[in-house]
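Visitor: For reference, this is data.cif, and it has mmCIF, C-alpha atoms.
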```
data_data
loop_
_atom_site.label_atom_id
_atom_site.label_comp_id
_atom_site.auth_asym_id
_atom_site.auth_seq_id
_atom_site.Cartn_x
_atom_site.Cartn_y
_atom_site.Cartn_z
CA MET A 1 83.42 83.86 112.68
CA GLN A 2 83.50 81.04 110.26
CA ALA A 3 86.64 80.12 108.42
CA TRP A 4 86.84 80.23 104.66
CA LYS A 5 85.67 76.97 103.19
CA PRO A 6 86.76 76.11 99.71
CA LYS A 7 83.80 75.26 97.52
CA SER A 8 83.36 71.54 97.20
CA ALA A 9 85.38 70.02 94.44
CA ASN A 10 83.58 69.53 91.15
CA SER A 11 85.62 66.59 90.04
CA GLU A 12 87.99 64.00 91.26
CA LYS A 13 90.83 65.84 89.57
CA GLU A 14 89.99 69.04 91.37
CA GLN A 15 89.80 67.17 94.66
CA ARG A 16 93.31 65.83 94.04
CA ILE A 17 94.60 69.35 93.41
CA TRP A 18 93.14 70.56 96.72
CA THR A 19 94.93 67.68 98.42
CA TRP A 20 98.24 68.61 96.82
CA LEU A 21 97.83 72.25 97.81
CA ALA A 22 97.58 71.15 101.43
CA ASP A 23 101.31 70.41 101.09
CA VAL A 24 102.28 73.90 99.92
CA PRO A 25 103.66 75.81 102.92
CA ASP A 26 103.64 79.51 103.62
CA PRO A 27 107.32 80.45 103.21
CA GLU A 28 107.39 82.60 106.34
CA ILE A 29 105.32 80.40 108.63
CA PRO A 30 106.04 76.99 107.13
CA ILE A 31 103.82 75.03 109.50
CA LEU A 32 100.85 76.65 107.79
CA SER A 33 99.80 75.44 104.38
CA VAL A 34 98.26 77.80 101.86
CA LEU A 35 94.94 76.10 102.64
CA ASP A 36 95.31 76.70 106.39
CA LEU A 37 95.88 80.36 105.61
CA GLY A 38 92.71 80.45 103.55
CA ILE A 39 94.30 82.21 100.59
CA VAL A 40 93.40 79.67 97.89
CA ARG A 41 90.05 80.82 96.61
CA ASP A 42 89.23 78.69 93.64
CA ILE A 43 90.45 76.08 91.22
CA VAL A 44 89.19 76.11 87.67
CA ILE A 45 89.99 73.23 85.34
CA GLN A 46 89.49 73.55 81.62
CA GLU A 47 90.62 70.51 79.68
CA ASP A 48 94.29 70.23 80.62
CA ALA A 49 94.64 73.79 81.97
CA VAL A 50 94.45 74.48 85.69
CA GLU A 51 93.90 77.96 87.09
CA VAL A 52 94.37 78.51 90.82
CA SER A 53 93.02 81.75 92.31
CA VAL A 54 94.98 83.11 95.26
CA SER A 55 94.41 86.16 97.48
CA PRO A 56 97.44 88.06 98.72
CA THR A 57 97.57 88.60 102.48
CA TYR A 58 99.26 92.03 102.60
CA SER A 59 99.80 94.16 99.48
CA GLY A 60 103.53 94.31 99.98
CA CYS A 61 104.04 90.85 101.38
CA PRO A 62 107.12 89.40 99.71
CA ALA A 63 105.75 85.91 100.32
CA THR A 64 103.02 86.41 97.72
CA GLU A 65 105.27 85.69 94.74
CA VAL A 66 107.03 82.81 96.49
CA ILE A 67 103.65 81.24 97.28
CA GLU A 68 102.57 81.51 93.66
CA GLN A 69 105.79 79.88 92.52
CA SER A 70 105.44 77.10 95.12
CA ILE A 71 101.90 76.34 93.96
CA ILE A 72 103.08 76.03 90.38
CA ALA A 73 106.02 73.85 91.45
CA GLU A 74 103.83 71.56 93.54
CA LEU A 75 101.31 70.98 90.77
CA ARG A 76 104.06 70.48 88.22
CA GLU A 77 105.64 67.83 90.42
CA ASN A 78 102.32 66.06 90.39
CA GLY A 79 102.21 66.06 86.62
CA VAL A 80 100.11 69.14 85.86
CA GLU A 81 101.77 71.02 82.99
CA ASN A 82 99.48 73.87 82.13
CA ILE A 83 99.08 75.92 85.33
CA SER A 84 98.30 79.55 85.92
CA VAL A 85 97.88 81.42 89.18
CA LYS A 86 95.39 84.26 89.28
CA ARG A 87 95.64 86.95 91.94
CA VAL A 88 92.23 87.82 93.38
CA LEU A 89 91.82 91.02 95.38
CA SER A 90 88.14 90.99 96.11
CA PRO A 91 86.85 90.29 98.65
CA PRO A 92 90.13 91.03 100.42
CA TRP A 93 91.74 88.31 102.50
CA THR A 94 90.97 88.40 106.19
CA THR A 95 92.40 86.47 109.11
CA ASP A 96 88.86 85.15 109.64
CA TRP A 97 89.67 82.73 106.80
CA ILE A 98 92.48 80.99 108.65
CA SER A 99 91.17 77.50 109.29
CA GLU A 100 90.61 75.97 112.72
CA ALA A 101 93.47 73.56 112.01
CA GLY A 102 95.61 76.51 111.03
CA ARG A 103 94.86 78.29 114.30
CA ASN A 104 95.87 75.24 116.30
CA LYS A 105 99.08 74.86 114.33
CA LEU A 106 99.95 78.51 114.94
CA LYS A 107 99.48 78.08 118.65
CA LYS A 108 101.68 74.99 118.75
CA TYR A 109 104.32 76.91 116.82
CA GLY A 110 104.34 79.62 119.50
CA ILE A 111 102.35 82.23 117.58
CA ALA A 112 99.09 83.41 119.11
CA PRO A 113 96.33 83.01 116.49
CA PRO A 114 94.18 86.02 115.56
CA ALA A 115 91.66 86.66 118.30
CA GLY A 116 87.97 86.88 117.48
CA SER A 117 86.63 88.14 114.21
CA THR A 118 87.67 91.26 112.36
CA SER A 119 84.25 92.85 112.52
CA LYS A 120 84.14 92.54 116.28
CA ARG A 121 87.63 93.94 116.62
CA GLU A 122 86.56 97.08 114.81
CA LEU A 123 83.78 97.55 117.29
CA LEU A 124 86.16 97.17 120.18
CA ASN A 125 88.56 99.55 118.52
CA GLY A 126 91.56 97.32 118.86
CA THR A 127 91.42 96.45 122.53
CA ARG A 128 91.59 92.74 123.06
CA THR A 129 93.18 90.20 125.33
CA ILE A 130 95.57 87.75 123.77
CA ALA A 131 96.39 84.44 125.41
CA CYS A 132 100.04 83.47 125.68
CA PRO A 133 100.62 80.52 123.29
CA HIS A 134 103.10 79.01 125.77
CA CYS A 135 101.31 79.10 129.13
CA GLU A 136 97.78 80.18 128.12
CA SER A 137 97.84 83.10 130.54
CA PHE A 138 95.80 86.16 129.60
CA ASP A 139 98.21 88.35 131.53
CA THR A 140 99.97 89.58 128.39
CA SER A 141 100.93 92.95 127.01
CA LEU A 142 101.48 94.45 123.59
CA VAL A 143 105.09 95.28 122.81
CA SER A 144 104.53 96.53 119.28
CA GLU A 145 101.68 96.58 116.77
CA PHE A 146 104.23 95.25 114.29
CA GLY A 147 106.48 92.21 114.14
CA SER A 148 108.95 90.23 112.08
CA THR A 149 106.56 89.87 109.13
CA PRO A 150 103.67 92.07 107.95
CA CYS A 151 101.10 89.71 109.45
CA LYS A 152 102.34 89.72 113.05
CA ALA A 153 102.49 91.92 116.14
CA SER A 154 104.85 91.49 119.10
CA TYR A 155 103.62 90.59 122.59
CA LYS A 156 105.08 89.43 125.85
CA CYS A 157 103.61 87.26 128.55
CA ASP A 158 103.68 88.83 132.00
CA GLU A 159 103.11 85.44 133.60
CA CYS A 160 105.80 83.20 132.06
CA LEU A 161 107.76 86.20 130.78
CA GLU A 162 108.20 84.73 127.31
CA PRO A 163 107.96 87.06 124.33
CA PHE A 164 105.69 85.81 121.57
CA GLU A 165 104.21 86.86 118.28
CA TYR A 166 100.56 87.43 117.59
CA PHE A 167 99.03 86.87 114.17
CA LYS A 168 97.22 90.17 113.89
CA CYS A 169 93.60 90.40 113.04
CA ILE A 170 92.81 92.14 109.76
CA MET B 171 91.57 113.50 78.08
CA SER B 172 89.58 110.36 77.41
CA LYS B 173 87.83 108.53 80.20
CA LYS B 174 90.54 105.87 80.22
CA GLU B 175 93.34 108.46 80.29
CA THR B 176 91.69 110.07 83.31
CA LEU B 177 91.79 106.78 85.16
CA ILE B 178 95.43 106.12 84.21
CA ALA B 179 96.50 109.60 85.33
CA TYR B 180 94.63 109.24 88.60
CA LEU B 181 96.14 105.80 89.23
CA LEU B 182 99.60 107.26 88.72
CA ARG B 183 98.93 109.92 91.34
CA LEU B 184 97.88 107.24 93.80
CA ALA B 185 100.88 105.11 92.89
CA ASP B 186 103.36 107.97 93.15
CA ASN B 187 101.99 108.97 96.56
CA ALA B 188 102.42 105.44 97.87
CA LEU B 189 105.84 104.92 96.29
CA ILE B 190 107.37 108.22 97.41
CA LEU B 191 106.14 107.93 100.99
CA GLY B 192 107.33 104.30 101.04
CA GLN B 193 110.74 105.38 99.74
CA ARG B 194 111.02 108.11 102.37
CA LEU B 195 110.30 105.57 105.12
CA ILE B 196 112.83 103.13 103.65
CA GLU B 197 115.50 105.81 104.09
CA ILE B 198 115.17 105.43 107.86
CA VAL B 199 115.19 101.64 107.93
CA THR B 200 117.89 100.61 110.46
CA ALA B 201 117.67 104.08 112.07
CA GLY B 202 114.59 103.50 114.24
CA PRO B 203 114.76 104.84 117.81
CA GLU B 204 114.04 101.34 119.14
CA LEU B 205 113.57 97.88 117.72
CA GLU B 206 109.77 97.94 117.83
CA GLU B 207 109.64 101.21 115.91
CA GLU B 208 112.17 99.86 113.47
CA LEU B 209 109.86 96.95 112.69
CA ALA B 210 106.82 99.19 112.51
CA ASN B 211 108.47 101.56 110.08
CA ALA B 212 109.71 98.83 107.76
CA ASN B 213 106.31 97.13 107.76
CA ILE B 214 104.50 100.37 107.02
CA ALA B 215 106.92 101.18 104.18
CA LEU B 216 106.34 97.73 102.74
CA ASP B 217 102.58 98.24 102.66
CA TYR B 218 102.96 101.45 100.66
CA LEU B 219 105.29 99.74 98.20
CA GLY B 220 102.81 96.91 97.78
CA GLN B 221 100.02 99.37 97.11
CA ALA B 222 102.18 101.33 94.64
CA ARG B 223 102.85 98.10 92.75
CA MET B 224 99.14 97.37 92.40
CA PHE B 225 98.42 100.88 91.10
CA TYR B 226 101.38 100.96 88.67
CA THR B 227 100.71 97.50 87.31
CA TYR B 228 97.10 98.38 86.62
CA ALA B 229 98.03 101.74 85.04
CA GLY B 230 100.51 99.94 82.81
CA GLU B 231 97.92 97.39 81.72
CA LEU B 232 95.38 100.10 80.90
CA GLU B 233 97.96 102.14 79.02
CA GLY B 234 98.86 99.11 76.92
CA LYS B 235 102.35 100.26 75.97
CA GLY B 236 104.10 97.54 77.89
CA ARG B 237 105.29 99.74 80.76
CA SER B 238 105.89 97.75 83.93
CA GLU B 239 105.75 98.87 87.55
CA ASP B 240 109.55 99.22 87.43
CA ASP B 241 109.41 101.42 84.34
CA PHE B 242 107.08 103.81 86.15
CA ALA B 243 109.11 103.84 89.35
CA PHE B 244 112.64 103.92 87.98
CA MET B 245 112.58 105.30 84.46
CA ARG B 246 110.60 108.50 84.83
CA ASP B 247 112.04 111.91 85.54
CA GLU B 248 111.24 114.30 88.32
CA HIS B 249 108.57 116.28 86.43
CA GLU B 250 106.69 113.08 85.55
CA PHE B 251 105.96 112.18 89.17
CA ARG B 252 102.59 113.30 90.52
CA ASN B 253 102.90 112.76 94.27
CA LEU B 254 101.90 115.34 96.88
CA LEU B 255 104.63 117.71 98.07
CA LEU B 256 103.88 116.63 101.65
CA LEU B 257 105.18 113.12 101.00
CA GLU B 258 108.55 114.09 99.60
CA GLN B 259 109.41 116.26 102.61
CA PRO B 260 112.46 114.96 104.47
CA ASN B 261 112.02 112.59 107.40
CA GLY B 262 113.42 115.12 109.87
CA HIS B 263 113.20 113.81 113.41
CA PHE B 264 110.74 111.14 114.56
CA GLY B 265 108.04 113.73 115.30
CA ASP B 266 108.30 115.12 111.75
CA THR B 267 107.90 111.65 110.31
CA ILE B 268 104.84 111.01 112.49
CA ALA B 269 103.30 114.39 111.58
CA ARG B 270 103.67 113.64 107.87
CA GLN B 271 102.34 110.15 108.43
CA VAL B 272 99.17 111.07 110.30
CA THR B 273 98.20 114.11 108.21
CA PHE B 274 98.53 112.02 105.04
CA ASP B 275 97.06 108.75 106.29
CA VAL B 276 93.86 110.42 107.50
CA PHE B 277 93.45 111.89 104.02
CA TYR B 278 94.48 108.66 102.26
CA ARG B 279 92.04 106.64 104.32
CA LEU B 280 89.18 108.98 103.37
CA GLN B 281 90.29 108.90 99.75
CA LEU B 282 90.38 105.08 99.68
CA GLU B 283 87.01 104.89 101.43
CA ALA B 284 85.54 107.04 98.68
CA LEU B 285 87.28 104.99 95.99
CA GLN B 286 85.59 101.83 97.22
CA ASP B 287 82.52 103.18 95.44
CA CYS B 288 84.21 104.33 92.25
CA SER B 289 82.88 102.83 89.05
CA ASP B 290 86.09 101.05 88.10
CA LYS B 291 85.93 97.62 89.67
CA ARG B 292 89.64 96.91 89.91
CA LEU B 293 90.50 100.26 91.49
CA ALA B 294 87.67 99.75 93.97
CA GLU B 295 89.12 96.35 94.86
CA ILE B 296 92.62 97.76 95.40
CA ALA B 297 91.06 100.46 97.60
CA VAL B 298 89.28 97.91 99.80
CA LYS B 299 92.49 95.92 100.17
CA SER B 300 94.67 98.95 100.95
CA LEU B 301 92.22 100.40 103.43
CA LYS B 302 92.80 97.57 105.89
CA GLU B 303 96.49 98.39 105.95
CA ILE B 304 96.07 102.15 106.21
CA ARG B 305 93.66 101.83 109.14
CA TYR B 306 96.29 99.79 110.94
CA HIS B 307 98.98 102.40 110.21
CA LEU B 308 96.75 105.16 111.49
CA ARG B 309 96.25 103.46 114.81
CA HIS B 310 100.00 103.39 115.25
CA GLY B 311 100.72 106.93 114.01
CA THR B 312 97.90 108.54 115.97
CA LYS B 313 99.04 106.93 119.22
CA TRP B 314 102.52 108.38 118.74
CA LEU B 315 101.25 111.82 117.84
CA ILE B 316 99.15 111.91 121.01
CA ARG B 317 101.89 110.44 123.19
CA LEU B 318 104.47 112.94 122.00
CA GLY B 319 102.13 115.94 121.93
CA ASP B 320 100.76 115.18 125.37
CA GLY B 321 104.16 114.13 126.70
CA THR B 322 107.02 116.10 128.20
CA ASP B 323 107.51 119.81 127.59
CA GLU B 324 110.18 119.07 125.06
CA SER B 325 108.24 116.40 123.16
CA HIS B 326 105.19 118.68 123.17
CA GLU B 327 107.13 121.55 121.71
CA ARG B 328 108.81 119.45 119.05
CA MET B 329 105.62 117.68 118.03
CA THR B 330 103.82 121.02 117.80
CA ASN B 331 106.59 122.40 115.60
CA SER B 332 106.40 119.33 113.37
CA ILE B 333 102.67 119.73 112.81
CA HIS B 334 102.89 123.48 112.29
CA GLY B 335 105.93 123.12 110.08
CA LEU B 336 104.27 120.66 107.71
CA TRP B 337 100.87 122.32 107.74
CA ARG B 338 101.47 124.35 104.58
CA PHE B 339 101.79 121.11 102.61
CA THR B 340 98.43 119.73 103.68
CA GLY B 341 96.31 122.02 101.48
CA GLU B 342 97.45 120.34 98.27
CA MET B 343 95.54 117.19 99.19
CA PHE B 344 92.26 119.08 98.79
CA ALA B 345 93.23 121.48 96.02
CA GLY B 346 91.09 119.93 93.31
CA ASP B 347 92.07 120.33 89.67
CA GLU B 348 90.75 119.16 86.31
CA LEU B 349 91.84 115.60 86.91
CA ASP B 350 90.11 115.39 90.31
CA GLU B 351 87.00 116.85 88.72
CA ALA B 352 87.10 114.42 85.79
CA MET B 353 87.70 111.47 88.11
CA LYS B 354 84.68 112.47 90.15
CA LYS B 355 82.44 112.97 87.14
CA GLU B 356 83.51 110.07 84.97
CA TRP B 357 84.38 107.43 87.55
CA ASN B 358 82.44 108.49 90.62
CA GLY B 359 85.71 109.42 92.31
CA PRO B 360 86.14 111.22 95.65
CA ASP B 361 84.63 114.62 96.32
CA LEU B 362 87.57 116.60 97.70
CA GLU B 363 85.39 119.24 99.34
CA SER B 364 83.65 116.72 101.56
CA LEU B 365 86.93 114.91 102.25
CA LYS B 366 88.38 118.21 103.39
CA GLY B 367 85.64 118.70 105.97
CA GLU B 368 86.03 115.21 107.37
CA TRP B 369 89.81 115.48 107.41
CA HIS B 370 89.68 118.75 109.31
CA GLU B 371 87.31 117.38 111.87
CA GLU B 372 89.38 114.28 112.47
CA ILE B 373 92.76 116.02 112.58
CA ALA B 374 91.36 118.68 114.93
CA SER B 375 90.18 116.01 117.34
CA ILE B 376 93.54 114.16 117.26
CA LEU B 377 95.43 117.42 117.84
CA GLU B 378 93.13 118.34 120.69
CA GLU B 379 93.86 115.05 122.40
CA ALA B 380 97.56 115.62 121.75
CA THR B 381 97.22 119.11 123.30
CA ILE B 382 98.59 120.62 120.11
CA SER B 383 97.08 123.87 118.86
CA LEU B 384 95.36 123.71 115.50
CA PRO B 385 97.45 125.74 113.02
CA ASP B 386 95.83 128.82 111.52
CA GLU B 387 94.72 128.91 107.93
CA GLU B 388 97.77 129.88 105.94
CA TRP B 389 99.18 129.92 102.45
CA MET B 390 99.35 126.42 101.06
CA ALA B 391 102.09 125.08 98.82
CA ARG B 392 101.08 123.07 95.79
CA GLY B 393 102.61 121.68 92.63
CA GLY B 394 103.47 118.03 93.21
CA LYS B 395 100.20 116.83 91.69
CA ASN B 396 101.30 118.48 88.45
CA GLY B 397 104.95 117.49 88.54
CA GLN B 398 106.37 120.64 90.12
CA HIS B 399 108.32 119.37 93.09
CA SER B 400 110.24 120.81 96.00
CA GLU B 401 114.03 120.91 96.08
CA HIS B 402 114.16 117.68 98.10
CA PHE B 403 112.61 115.54 95.41
CA GLY B 404 115.52 115.29 92.98
CA TYR B 405 117.75 113.81 95.67
CA LEU B 406 115.08 111.33 96.68
CA ILE B 407 114.60 109.87 93.21
CA ALA B 408 118.32 110.05 92.41
CA GLU B 409 118.91 107.57 95.20
CA MET B 410 115.83 105.50 94.42
CA GLN B 411 116.65 105.19 90.72
CA THR B 412 120.42 104.89 90.79
CA MET B 413 120.55 101.18 89.99
CA GLN B 414 118.18 101.27 87.04
CA ARG B 415 119.80 104.44 85.71
CA ALA B 416 123.25 102.87 85.81
CA TYR B 417 122.17 99.45 84.55
CA PRO B 418 118.86 99.90 82.70
CA GLY B 419 116.73 96.77 82.85
CA ALA B 420 118.88 95.18 85.56
CA ASN B 421 117.06 92.21 87.01
CA TRP B 422 117.74 89.56 89.61
#
```
Could you render the structure as structure tokens?

Guide:
Amino acid sequence: MQAWKPKSANSEKEQRIWTWLADVPDPEIPILSVLDLGIVRDIVIQEDAVEVSVSPTYSGCPATEVIEQSIIAELRENGVENISVKRVLSPPWTTDWISEAGRNKLKKYGIAPPAGSTSKRELLNGTRTIACPHCESFDTSLVSEFGSTPCKASYKCDECLEPFEYFKCI
Amino acid sequence: MSKKETLIAYLLRLADNALILGQRLIEIVTAGPELEEELANANIALDYLGQARMFYTYAGELEGKGRSEDDFAFMRDEHEFRNLLLLEQPNGHFGDTIARQVTFDVFYRLQLEALQDCSDKRLAEIAVKSLKEIRYHLRHGTKWLIRLGDGTDESHERMTNSIHGLWRFTGEMFAGDELDEAMKKEWNGPDLESLKGEWHEEIASILEEATISLPDEEWMARGGKNGQHSEHFGYLIAEMQTMQRAYPGANW
């Protein structure tokens, strides 16, 4: 499944804003930027006003507001005064939009990236094999469908015996 | 009731359902039988709260009187809440919580699926978003219901009692009234009759796998959708609202 690609920037200014946003981290998984997560959907510039459209990951995710504040703070630091963040619900965010770079970063961080695409998962009705992010073994088992944040499930590796988190596929 | 008022009233029912079930689950945070269930419960509760916020915020915007999500949640009285009686029932033991969870989530999923096609764009968008979360909850709840029903003699008996005990609150989900009718006609809302059939079929198949007998048709309690609640409800909102009642407008 292909990752979400932001539309190509219309102007040099917009391009600069995309570059700045690459420095805004997810507060709960700080190695991922908001661009890696694929939640920034659009940037609209009208004269001196900038509107950034963002999709929430989970409805109740407490990170949503922090992310919006961080985006505003980052742009302000770079001299943009008139900023608004628009929350976009449709189409809903999916883990398919996490970028390739984002998936690699997750793995390095010890979190197994979402496996396959969401549409395929539905077909398989939730059965899937997750590789251990530490030793790459597929000999892993699900500990809980839920984890320390709304976006993760808990697994353990039966090979190296390390517990790890899996970024669940939605 | 104008077309807009219909939508606002319907949104508040959806919001109250999500908030009250979320609040019930929050009551058992830190009391999970094991760490994994603890995490599951808190995560599930959080999803409902997030959904409630989306519904309340939208209802407040449509109403245009400046009411915020907090005003709806914390500054209304018992008779103003429109949630189903099923959702305010006490947590009981783990099997009771799971029974409430699965019977409601199967209905809620069907309701949200239908709302994806309603003629209000924003509500349809919230439905699509929420559906992903509810499907995930259902996977978890259904597994537990089956594991406990088809488990030891004791777990089987207790799970059966939980389902049979809560059964009389399940009829309210499908007891259509003027608002359901108006929502269907004016906004292409869900058709409760067809939802009922699908719900029955699905619940029957889960119960069969859990080796739990399907309860007989019986008298069904109703009232929550119109603000007439069971005796448990006052205590629930008293705890939920205590801060805002003591310090109105408190913020941090």

Visitor: Could you check the closest approach to Pro203 in chain B for each of B:Leu377, B:Asp290, B:Tyr228, B:Phe264 and tell me which residue wins, using all atoms listed in the file?

Guide: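 Using all atoms listed in the file, Pro203 in chain B sits closest to B:Phe264.
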
Visitor: Using Å and a single decimal, report how far CA of Gly60 in chain A sits from CA of Thr227 in chain B.

Guide: 13.4 Å

Visitor: Excluding same-chain residues fewer than 6 positions from range 142-153 of chain A, what lies within 8 Å of it counting all atoms listed in the file, as a list in words?

Guide: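 Here the qualifying residues turn out to be Glu28, Thr57, Tyr58, Cys61, Glu165, Tyr166, Phe167 and Lys168 of chain A; Glu206, Glu207, Leu209, Ala210, Asn213 and His310 of chain B.
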
Visitor: Could you check the closest approach to Gly321 in chain B for each of B:Asp240, B:Asp247, B:Glu379, B:Glu175 and tell me which residue wins, using all atoms listed in the file?

Guide: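 Using all atoms listed in the file, Gly321 in chain B sits closest to B:Glu379.
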
Visitor: Can you work out which residues from chain B touch chain A at a cut-off of 7 Å (counting only C-alpha atoms) and hand them back as a list in words?

Guide: Glu206, Leu209, Ala210, Asn213, Leu216, Asp217, Leu219, Gly220, Gln221, Glu295, Ile296, Val298, Lys299 and Lys302 of chain B

Visitor: State, in Å with one decimal place, the distance from CA of Arg16 in chain A to CA of Ile98 in chain A.

Guide: 21.1 Å

Visitor: Which residues come within 8 Å of range 337-353 of chain B, counting all atoms listed in the file, excluding same-chain residues fewer than 6 positions away, as a VMD selection string?

Guide: chain B and resid 176 to 177 179 to 180 254 to 256 273 to 274 277 359 to 360 362 to 363 365 to 366 385 388 to 393 395

Visitor: To test your reading of the syntax: which residues would the PyMOL selection byres ((chain B and resi 244) around 8) return for the file shown? Reply as a list in words.

Guide: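 When the PyMOL selection byres ((chain B and resi 244) around 8) is applied, the selected residues are Asp240, Asp241, Phe242, Ala243, Met245, Arg246, Met410, Gln411, Gln414 and Arg415 of chain B.
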
Visitor: Leaving out Leu161 in chain A and any residue of its chain fewer than 5 positions from it, which residues lie within 10 Å of it when counting all atoms listed in the file, given as a PyMOL selection string?

Guide: chain A and resi 132+134-135+139-140+156

Visitor: So the first atom is CA of Asn104 in chain A and the second is CA of Leu35 in chain A; what is the distance between them in Å, to one decimal place?

Guide: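 Spanning CA of Asn104 in chain A to CA of Leu35 in chain A is a straight-line distance of 13.7 Å.
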
Visitor: Measuring between all atoms listed in the file, which one of A:Val34, A:Ile45, A:Ala131, A:Ala101 shows the shortest distance to Ala115 in chain A?

Guide: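 Smallest distance to Ala115 in chain A is found for A:Ala131.
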
Visitor: Evaluating the PyMOL selection byres ((chain A and resi 47) around 12) on the displayed file yields which residues, as JSON, numbers by chain?

Guide: {"A": [13, 14, 44, 45, 46, 48, 49, 50, 51, 80, 81, 82, 83]}

Visitor: Applying 10 Å and only C-alpha atoms, which residues near Val66 in chain A remain after dropping the ones on its own chain fewer than 6 positions away? List them as number ranges by chain.

Guide: A: 26-28, 72

Visitor: Might you spell out which residues the PyMOL selection byres ((chain A and resi 112) around 6) would select in the displayed file, as a PyMOL selection string?

Guide: chain A and resi 107+111+113+133+166

Visitor: Hey, which of A:Ser70, A:Thr64, A:Thr95, A:Ser53 ends up closest to Ala22 in chain A? Count all atoms listed in the file.

Guide: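 Using all atoms listed in the file, Ala22 in chain A sits closest to A:Ser70.
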
Visitor: Would you mind writing range 202-213 of chain B with N, CA and C atoms, as a PDB file, in the frame of the given file?

Guide:
```
ATOM      1  N   GLY B 202     115.700 103.335 113.304  1.00  0.00           N
ATOM      2  CA  GLY B 202     114.590 103.500 114.240  1.00  0.00           C
ATOM      3  C   GLY B 202     115.096 103.759 115.646  1.00  0.00           C
ATOM      4  N   PRO B 203     114.330 104.538 116.452  1.00  0.00           N
ATOM      5  CA  PRO B 203     114.760 104.840 117.810  1.00  0.00           C
ATOM      6  C   PRO B 203     114.763 103.620 118.730  1.00  0.00           C
ATOM      7  N   GLU B 204     114.011 102.589 118.374  1.00  0.00           N
ATOM      8  CA  GLU B 204     114.040 101.340 119.140  1.00  0.00           C
ATOM      9  C   GLU B 204     113.578 100.233 118.223  1.00  0.00           C
ATOM     10  N   LEU B 205     113.815  98.998 118.614  1.00  0.00           N
ATOM     11  CA  LEU B 205     113.570  97.880 117.720  1.00  0.00           C
ATOM     12  C   LEU B 205     112.111  97.815 117.254  1.00  0.00           C
ATOM     13  N   GLU B 206     111.182  98.051 118.180  1.00  0.00           N
ATOM     14  CA  GLU B 206     109.770  97.940 117.830  1.00  0.00           C
ATOM     15  C   GLU B 206     109.383  98.966 116.761  1.00  0.00           C
ATOM     16  N   GLU B 207     109.934 100.174 116.901  1.00  0.00           N
ATOM     17  CA  GLU B 207     109.640 101.210 115.910  1.00  0.00           C
ATOM     18  C   GLU B 207     110.303 100.897 114.580  1.00  0.00           C
ATOM     19  N   GLU B 208     111.459 100.287 114.671  1.00  0.00           N
ATOM     20  CA  GLU B 208     112.170  99.860 113.470  1.00  0.00           C
ATOM     21  C   GLU B 208     111.281  98.912 112.656  1.00  0.00           C
ATOM     22  N   LEU B 209     110.713  97.927 113.359  1.00  0.00           N
ATOM     23  CA  LEU B 209     109.860  96.950 112.690  1.00  0.00           C
ATOM     24  C   LEU B 209     108.603  97.611 112.135  1.00  0.00           C
ATOM     25  N   ALA B 210     108.041  98.516 112.942  1.00  0.00           N
ATOM     26  CA  ALA B 210     106.820  99.190 112.510  1.00  0.00           C
ATOM     27  C   ALA B 210     107.078  99.967 111.231  1.00  0.00           C
ATOM     28  N   ASN B 211     108.159 100.726 111.233  1.00  0.00           N
ATOM     29  CA  ASN B 211     108.470 101.560 110.080  1.00  0.00           C
ATOM     30  C   ASN B 211     108.667 100.724 108.816  1.00  0.00           C
ATOM     31  N   ALA B 212     109.444  99.655 108.943  1.00  0.00           N
ATOM     32  CA  ALA B 212     109.710  98.830 107.760  1.00  0.00           C
ATOM     33  C   ALA B 212     108.425  98.184 107.246  1.00  0.00           C
ATOM     34  N   ASN B 213     107.570  97.748 108.168  1.00  0.00           N
ATOM     35  CA  ASN B 213     106.310  97.130 107.760  1.00  0.00           C
ATOM     36  C   ASN B 213     105.388  98.129 107.068  1.00  0.00           C
TER      37      ASN B 213
END
```
